[in-house]
file data-v5.pdb (PDB, C-alpha atoms)
ATOM      1  CA  ARG A   1      22.782 -33.102 -11.919
ATOM      2  CA  THR A   2      21.615 -33.868  -8.387
ATOM      3  CA  LEU A   3      18.765 -36.037  -9.692
ATOM      4  CA  GLN A   4      21.214 -37.992 -11.844
ATOM      5  CA  ASN A   5      23.510 -38.524  -8.833
ATOM      6  CA  ASN A   6      20.564 -39.671  -6.703
ATOM      7  CA  ARG A   7      19.512 -42.149  -9.395
ATOM      8  CA  ALA A   8      23.067 -43.490  -9.692
ATOM      9  CA  ARG A   9      23.234 -43.965  -5.910
ATOM     10  CA  SER A  10      19.894 -45.769  -5.921
ATOM     11  CA  VAL A  11      20.975 -48.068  -8.748
ATOM     12  CA  SER A  12      24.272 -48.901  -7.060
ATOM     13  CA  ALA A  13      22.464 -49.659  -3.778
ATOM     14  CA  ALA A  14      19.984 -52.048  -5.415
ATOM     15  CA  THR A  15      20.608 -55.776  -5.088
ATOM     16  CA  ARG A  16      18.683 -56.514  -8.280
ATOM     17  CA  LEU A  17      17.526 -54.319 -11.117
ATOM     18  CA  LEU A  18      14.950 -55.500 -13.660
ATOM     19  CA  ALA A  19      14.018 -53.950 -16.989
ATOM     20  CA  ASN A  20      10.541 -54.136 -18.514
ATOM     21  CA  SER A  21      11.816 -54.313 -22.112
ATOM     22  CA  GLU A  22      14.961 -54.654 -24.224
ATOM     23  CA  TYR A  23      14.794 -50.891 -24.806
ATOM     24  CA  THR A  24      14.840 -50.222 -21.052
ATOM     25  CA  ARG A  25      17.596 -52.797 -20.532
ATOM     26  CA  GLU A  26      19.735 -50.916 -23.073
ATOM     27  CA  GLN A  27      18.990 -47.568 -21.399
ATOM     28  CA  ILE A  28      19.997 -48.956 -17.991
ATOM     29  CA  TRP A  29      23.213 -50.358 -19.460
ATOM     30  CA  ARG A  30      24.096 -47.050 -21.162
ATOM     31  CA  SER A  31      23.268 -44.947 -18.119
ATOM     32  CA  TYR A  32      24.583 -47.087 -15.258
ATOM     33  CA  GLY A  33      26.650 -49.945 -16.702
ATOM     34  CA  VAL A  34      24.300 -52.493 -15.104
ATOM     35  CA  ASN A  35      23.043 -55.502 -17.024
ATOM     36  CA  ALA A  36      19.403 -55.750 -15.935
ATOM     37  CA  PRO A  37      17.498 -58.885 -16.937
ATOM     38  CA  VAL A  38      14.230 -58.287 -18.792
ATOM     39  CA  CYS A  39      11.022 -59.143 -16.954
ATOM     40  CA  TYR A  40       8.065 -58.358 -19.200
ATOM     41  CA  TYR A  41       4.849 -56.837 -17.899
ATOM     42  CA  GLY A  42       1.854 -58.963 -17.109
ATOM     43  CA  VAL A  43      -1.783 -57.941 -16.874
ATOM     44  CA  ASP A  44      -4.179 -58.931 -14.125
ATOM     45  CA  CYS A  45      -6.901 -60.568 -16.223
ATOM     46  CA  GLU A  46      -9.202 -60.666 -13.213
ATOM     47  CA  LYS A  47      -9.283 -56.847 -13.377
ATOM     48  CA  PHE A  48      -8.959 -56.254 -17.129
ATOM     49  CA  PHE A  49     -11.261 -58.250 -19.411
ATOM     50  CA  PRO A  50     -13.910 -57.683 -22.105
ATOM     51  CA  THR A  51     -17.298 -56.572 -20.807
ATOM     52  CA  PRO A  52     -19.823 -57.115 -23.632
ATOM     53  CA  GLU A  53     -22.562 -55.237 -21.741
ATOM     54  CA  VAL A  54     -20.580 -51.978 -22.053
ATOM     55  CA  GLN A  55     -21.522 -50.168 -25.261
ATOM     56  CA  LYS A  56     -18.705 -49.089 -27.577
ATOM     57  CA  GLN A  57     -18.683 -45.349 -28.190
ATOM     58  CA  ASN A  58     -17.091 -43.224 -30.879
ATOM     59  CA  ARG A  59     -14.029 -42.509 -28.766
ATOM     60  CA  VAL A  60     -10.315 -43.093 -28.678
ATOM     61  CA  VAL A  61      -8.714 -43.693 -25.295
ATOM     62  CA  SER A  62      -5.144 -43.132 -24.187
ATOM     63  CA  VAL A  63      -3.684 -43.594 -20.721
ATOM     64  CA  GLY A  64      -0.645 -42.089 -19.051
ATOM     65  CA  GLU A  65       0.760 -39.228 -17.047
ATOM     66  CA  MET A  66      -0.185 -35.897 -18.542
ATOM     67  CA  THR A  67       3.246 -34.689 -19.571
ATOM     68  CA  PRO A  68       4.667 -33.722 -22.982
ATOM     69  CA  ARG A  69       6.514 -37.038 -23.327
ATOM     70  CA  LYS A  70       3.233 -38.951 -23.621
ATOM     71  CA  GLY A  71       2.447 -37.497 -27.056
ATOM     72  CA  PHE A  72      -1.159 -36.515 -26.366
ATOM     73  CA  ASP A  73      -0.725 -33.384 -28.505
ATOM     74  CA  PHE A  74       0.074 -35.662 -31.453
ATOM     75  CA  LEU A  75      -3.185 -37.556 -30.826
ATOM     76  CA  ILE A  76      -5.234 -34.353 -30.846
ATOM     77  CA  GLU A  77      -3.600 -33.153 -34.066
ATOM     78  CA  SER A  78      -4.081 -36.592 -35.658
ATOM     79  CA  LEU A  79      -7.774 -36.778 -34.737
ATOM     80  CA  ALA A  80      -8.260 -33.295 -36.189
ATOM     81  CA  VAL A  81      -7.495 -34.726 -39.635
ATOM     82  CA  ILE A  82     -10.619 -36.917 -39.475
ATOM     83  CA  PRO A  83     -13.710 -35.128 -40.844
ATOM     84  CA  ALA A  84     -15.728 -33.548 -38.026
ATOM     85  CA  GLY A  85     -18.801 -35.731 -38.598
ATOM     86  CA  ARG A  86     -16.778 -38.934 -38.177
ATOM     87  CA  ARG A  87     -14.179 -37.695 -35.692
ATOM     88  CA  PRO A  88     -14.062 -39.678 -32.438
ATOM     89  CA  ASP A  89     -13.735 -38.014 -29.050
ATOM     90  CA  LEU A  90     -10.436 -38.389 -27.211
ATOM     91  CA  THR A  91     -10.448 -39.567 -23.614
ATOM     92  CA  ILE A  92      -7.216 -39.389 -21.646
ATOM     93  CA  ALA A  93      -7.018 -41.223 -18.320
ATOM     94  CA  SER A  94      -4.211 -39.986 -16.132
ATOM     95  CA  ASN A  95      -3.120 -40.406 -12.531
ATOM     96  CA  TYR A  96      -0.731 -37.455 -12.776
ATOM     97  CA  VAL A  97      -1.685 -34.175 -14.439
ATOM     98  CA  ASN A  98       0.830 -31.433 -15.148
ATOM     99  CA  PRO A  99      -1.398 -28.302 -15.062
ATOM    100  CA  GLN A 100       0.524 -26.554 -17.874
ATOM    101  CA  GLU A 101       0.239 -29.640 -20.103
ATOM    102  CA  LEU A 102      -3.485 -29.924 -19.378
ATOM    103  CA  GLU A 103      -4.014 -26.284 -20.357
ATOM    104  CA  HIS A 104      -1.936 -26.769 -23.514
ATOM    105  CA  LEU A 105      -3.927 -29.866 -24.539
ATOM    106  CA  GLN A 106      -7.285 -28.221 -23.816
ATOM    107  CA  ASN A 107      -6.314 -25.209 -25.964
ATOM    108  CA  LEU A 108      -5.054 -27.443 -28.744
ATOM    109  CA  ALA A 109      -8.261 -29.508 -28.682
ATOM    110  CA  ARG A 110     -10.372 -26.330 -28.887
ATOM    111  CA  GLN A 111      -8.277 -25.015 -31.803
ATOM    112  CA  HIS A 112      -8.730 -28.290 -33.695
ATOM    113  CA  ASN A 113     -12.356 -28.910 -32.688
ATOM    114  CA  VAL A 114     -11.512 -32.191 -30.968
ATOM    115  CA  GLN A 115     -13.690 -33.216 -28.022
ATOM    116  CA  LEU A 116     -11.244 -33.903 -25.171
ATOM    117  CA  ASN A 117     -12.260 -35.660 -21.972
ATOM    118  CA  VAL A 118      -9.702 -35.942 -19.166
ATOM    119  CA  LEU A 119     -10.295 -38.466 -16.406
ATOM    120  CA  THR A 120      -8.084 -38.642 -13.336
ATOM    121  CA  ASN A 121      -7.302 -41.168 -10.641
ATOM    122  CA  LEU A 122      -9.461 -43.988 -11.978
ATOM    123  CA  ASN A 123      -9.503 -47.273 -10.125
ATOM    124  CA  ALA A 124      -9.118 -50.569 -12.025
ATOM    125  CA  ASP A 125     -12.886 -51.032 -12.477
ATOM    126  CA  GLN A 126     -13.311 -47.529 -13.921
ATOM    127  CA  LEU A 127     -10.290 -47.948 -16.183
ATOM    128  CA  ARG A 128     -11.582 -51.322 -17.443
ATOM    129  CA  GLU A 129     -14.875 -49.623 -18.313
ATOM    130  CA  GLU A 130     -13.047 -46.889 -20.272
ATOM    131  CA  TYR A 131     -11.036 -49.462 -22.226
ATOM    132  CA  ASN A 132     -14.245 -51.342 -23.023
ATOM    133  CA  ARG A 133     -16.122 -48.193 -24.144
ATOM    134  CA  ALA A 134     -13.379 -47.202 -26.573
ATOM    135  CA  ARG A 135     -13.357 -48.211 -30.220
ATOM    136  CA  LEU A 136      -9.576 -47.838 -30.164
ATOM    137  CA  PHE A 137      -6.724 -47.389 -27.703
ATOM    138  CA  VAL A 138      -3.774 -45.296 -28.922
ATOM    139  CA  TYR A 139      -0.339 -45.261 -27.292
ATOM    140  CA  SER A 140       1.923 -42.433 -28.471
ATOM    141  CA  PRO A 141       4.697 -41.689 -25.952
ATOM    142  CA  VAL A 142       8.025 -40.248 -27.048
ATOM    143  CA  ASN A 143      11.137 -42.397 -26.411
ATOM    144  CA  GLU A 144       9.383 -44.847 -24.143
ATOM    145  CA  PRO A 145       9.106 -48.629 -24.286
ATOM    146  CA  LEU A 146       5.845 -50.497 -24.485
ATOM    147  CA  GLY A 147       3.894 -49.719 -21.339
ATOM    148  CA  LEU A 148       1.275 -51.536 -19.343
ATOM    149  CA  ALA A 149      -1.727 -49.562 -20.638
ATOM    150  CA  PRO A 150      -1.744 -51.081 -24.168
ATOM    151  CA  LEU A 151      -1.640 -54.557 -22.636
ATOM    152  CA  GLU A 152      -4.567 -53.720 -20.355
ATOM    153  CA  ALA A 153      -6.542 -52.408 -23.339
ATOM    154  CA  MET A 154      -5.825 -55.592 -25.311
ATOM    155  CA  ALA A 155      -6.900 -57.704 -22.329
ATOM    156  CA  CYS A 156     -10.226 -55.840 -22.545
ATOM    157  CA  GLY A 157     -10.512 -56.724 -26.246
ATOM    158  CA  THR A 158      -9.929 -53.152 -27.430
ATOM    159  CA  PRO A 159      -7.803 -52.722 -30.577
ATOM    160  CA  VAL A 160      -4.503 -50.932 -29.955
ATOM    161  CA  VAL A 161      -2.448 -48.618 -32.145
ATOM    162  CA  GLY A 162       1.064 -47.992 -30.847
ATOM    163  CA  LEU A 163       3.506 -45.565 -32.416
ATOM    164  CA  ALA A 164       7.230 -46.083 -32.790
TER     165      ALA A 164
END

call {"tool": "encode", "arguments": {"input": "data-v5.pdb", "output": "structure tokens"}}
result
Amino acid sequence: RTLQNNRARSVSAATRLLANSEYTREQIWRSYGVNAPVCYYGVDCEKFFPTPEVQKQNRVVSVGEMTPRKGFDFLIESLAVIPAGRRPDLTIASNYVNPQELEHLQNLARQHNVQLNVLTNLNADQLREEYNRARLFVYSPVNEPLGLAPLEAMACGTPVVGLA
């Protein structure tokens, strides 16, 4: 309740509120009664671009905070359906790691024989390299609009699968 009150105070104190998607605009309207114009994300193409010298590897990459709402458990369970000999590794790049979620994902990956690599606090150059190494980028958050990470992956020429 206190967090909700703090958010409402912050919104009412703002002189301008922008939304990054129609979905977010609707959420802001429902929650705070504020009509926020949509300003779509852009990608810095001087930081995120294809690097042909980086070899593609049999890996899927996903990026985001390591919390349940990012759907990484779904990715592990989905990769487990692919026969072991063809199954790609899963690399998750995250700047925030919830320790309980990390433990849960590591256990789940072990149970399903999915190779899980977790990378933290990457800078833009390191993240660009991860996007370029991946055969596929997968974006699977729960109840979240399109984020910046899929756009960065596309700017690097990596195919993207996003889930509704």

call {"tool": "atom_distance", "arguments": {"input": "data-v5.pdb", "atom1": "CA of Gly71 (chain A)", "atom2": "CA of Val38 (chain A)"}}
result
25.3 Å

call {"tool": "resolve_selection", "arguments": {"input": "data-v5.pdb", "expression": "the PyMOL selection byres ((chain A and resi 145-148) around 8)", "output": "ChimeraX atom specification"}}
result
/A:21,23-24,41-43,143-144,149-152

call {"tool": "resolve_selection", "arguments": {"input": "data-v5.pdb", "expression": "the PyMOL selection byres ((chain A and resi 95) around 9)", "output": "ChimeraX atom specification"}}
result
/A:63-66,93-94,96-97,119-122

call {"tool": "residues_around", "arguments": {"input": "data-v5.pdb", "residues": "Thr91 (chain A)", "least_positions_apart": "2", "cutoff": "7 Å", "atoms": "all atoms listed in the file", "output": "ChimeraX atom specification"}}
result
/A:59-62,89,93,116-118

call {"tool": "atom_distance", "arguments": {"input": "data-v5.pdb", "atom1": "CA of Arg133 (chain A)", "atom2": "CA of Gln57 (chain A)"}}
result
5.6 Å

call {"tool": "residues_around", "arguments": {"input": "data-v5.pdb", "residues": "Val34 (chain A)", "least_positions_apart": "3", "cutoff": "12 Å", "atoms": "only C-alpha atoms", "output": "PDB file with C-alpha atoms, in the coordinates of the input"}}
result
ATOM      1  CA  ALA A   8      23.067 -43.490  -9.692  1.00  0.00           C
ATOM      2  CA  VAL A  11      20.975 -48.068  -8.748  1.00  0.00           C
ATOM      3  CA  SER A  12      24.272 -48.901  -7.060  1.00  0.00           C
ATOM      4  CA  ALA A  13      22.464 -49.659  -3.778  1.00  0.00           C
ATOM      5  CA  ALA A  14      19.984 -52.048  -5.415  1.00  0.00           C
ATOM      6  CA  THR A  15      20.608 -55.776  -5.088  1.00  0.00           C
ATOM      7  CA  ARG A  16      18.683 -56.514  -8.280  1.00  0.00           C
ATOM      8  CA  LEU A  17      17.526 -54.319 -11.117  1.00  0.00           C
ATOM      9  CA  LEU A  18      14.950 -55.500 -13.660  1.00  0.00           C
ATOM     10  CA  ALA A  19      14.018 -53.950 -16.989  1.00  0.00           C
ATOM     11  CA  THR A  24      14.840 -50.222 -21.052  1.00  0.00           C
ATOM     12  CA  ARG A  25      17.596 -52.797 -20.532  1.00  0.00           C
ATOM     13  CA  GLU A  26      19.735 -50.916 -23.073  1.00  0.00           C
ATOM     14  CA  GLN A  27      18.990 -47.568 -21.399  1.00  0.00           C
ATOM     15  CA  ILE A  28      19.997 -48.956 -17.991  1.00  0.00           C
ATOM     16  CA  TRP A  29      23.213 -50.358 -19.460  1.00  0.00           C
ATOM     17  CA  ARG A  30      24.096 -47.050 -21.162  1.00  0.00           C
ATOM     18  CA  SER A  31      23.268 -44.947 -18.119  1.00  0.00           C
ATOM     19  CA  PRO A  37      17.498 -58.885 -16.937  1.00  0.00           C
TER      20      PRO A  37
END

call {"tool": "resolve_selection", "arguments": {"input": "data-v5.pdb", "expression": "the PyMOL selection byres ((chain A and resi 114) around 10)", "output": "PyMOL selection string"}}
result
chain A and resi 75-82+84+87-90+106+108-113+115-117

call {"tool": "atom_distance", "arguments": {"input": "data-v5.pdb", "atom1": "CA of Cys45 (chain A)", "atom2": "CA of Gly162 (chain A)"}}
result
20.9 Å

call {"tool": "axis_aligned_box", "arguments": {"input": "data-v5.pdb", "around": "region 150-153 of chain A", "padding_each_side": "3 Å", "output": "JSON"}}
result
{"center_x": -4.1, "center_y": -52.8, "center_z": -22.3, "size_x": 10.9, "size_y": 9.5, "size_z": 9.8}

call {"tool": "residues_around", "arguments": {"input": "data-v5.pdb", "residues": "Pro52 (chain A)", "least_positions_apart": "2", "cutoff": "10 Å", "atoms": "all atoms listed in the file", "output": "ChimeraX atom specification"}}
result
/A:49-50,54-56,132-133,156-157

call {"tool": "residues_around", "arguments": {"input": "data-v5.pdb", "residues": "Glu101 (chain A)", "least_positions_apart": "5", "cutoff": "10 Å", "atoms": "all atoms listed in the file", "output": "VMD selection string"}}
result
chain A and resid 66 to 68 72 to 73 106 to 107

call {"tool": "residues_around", "arguments": {"input": "data-v5.pdb", "residues": "Asp125 (chain A)", "least_positions_apart": "3", "cutoff": "9 Å", "atoms": "only C-alpha atoms", "output": "list in words"}}
result
Lys47, Phe48, Leu122, Arg128, Glu129 and Glu130 of chain A
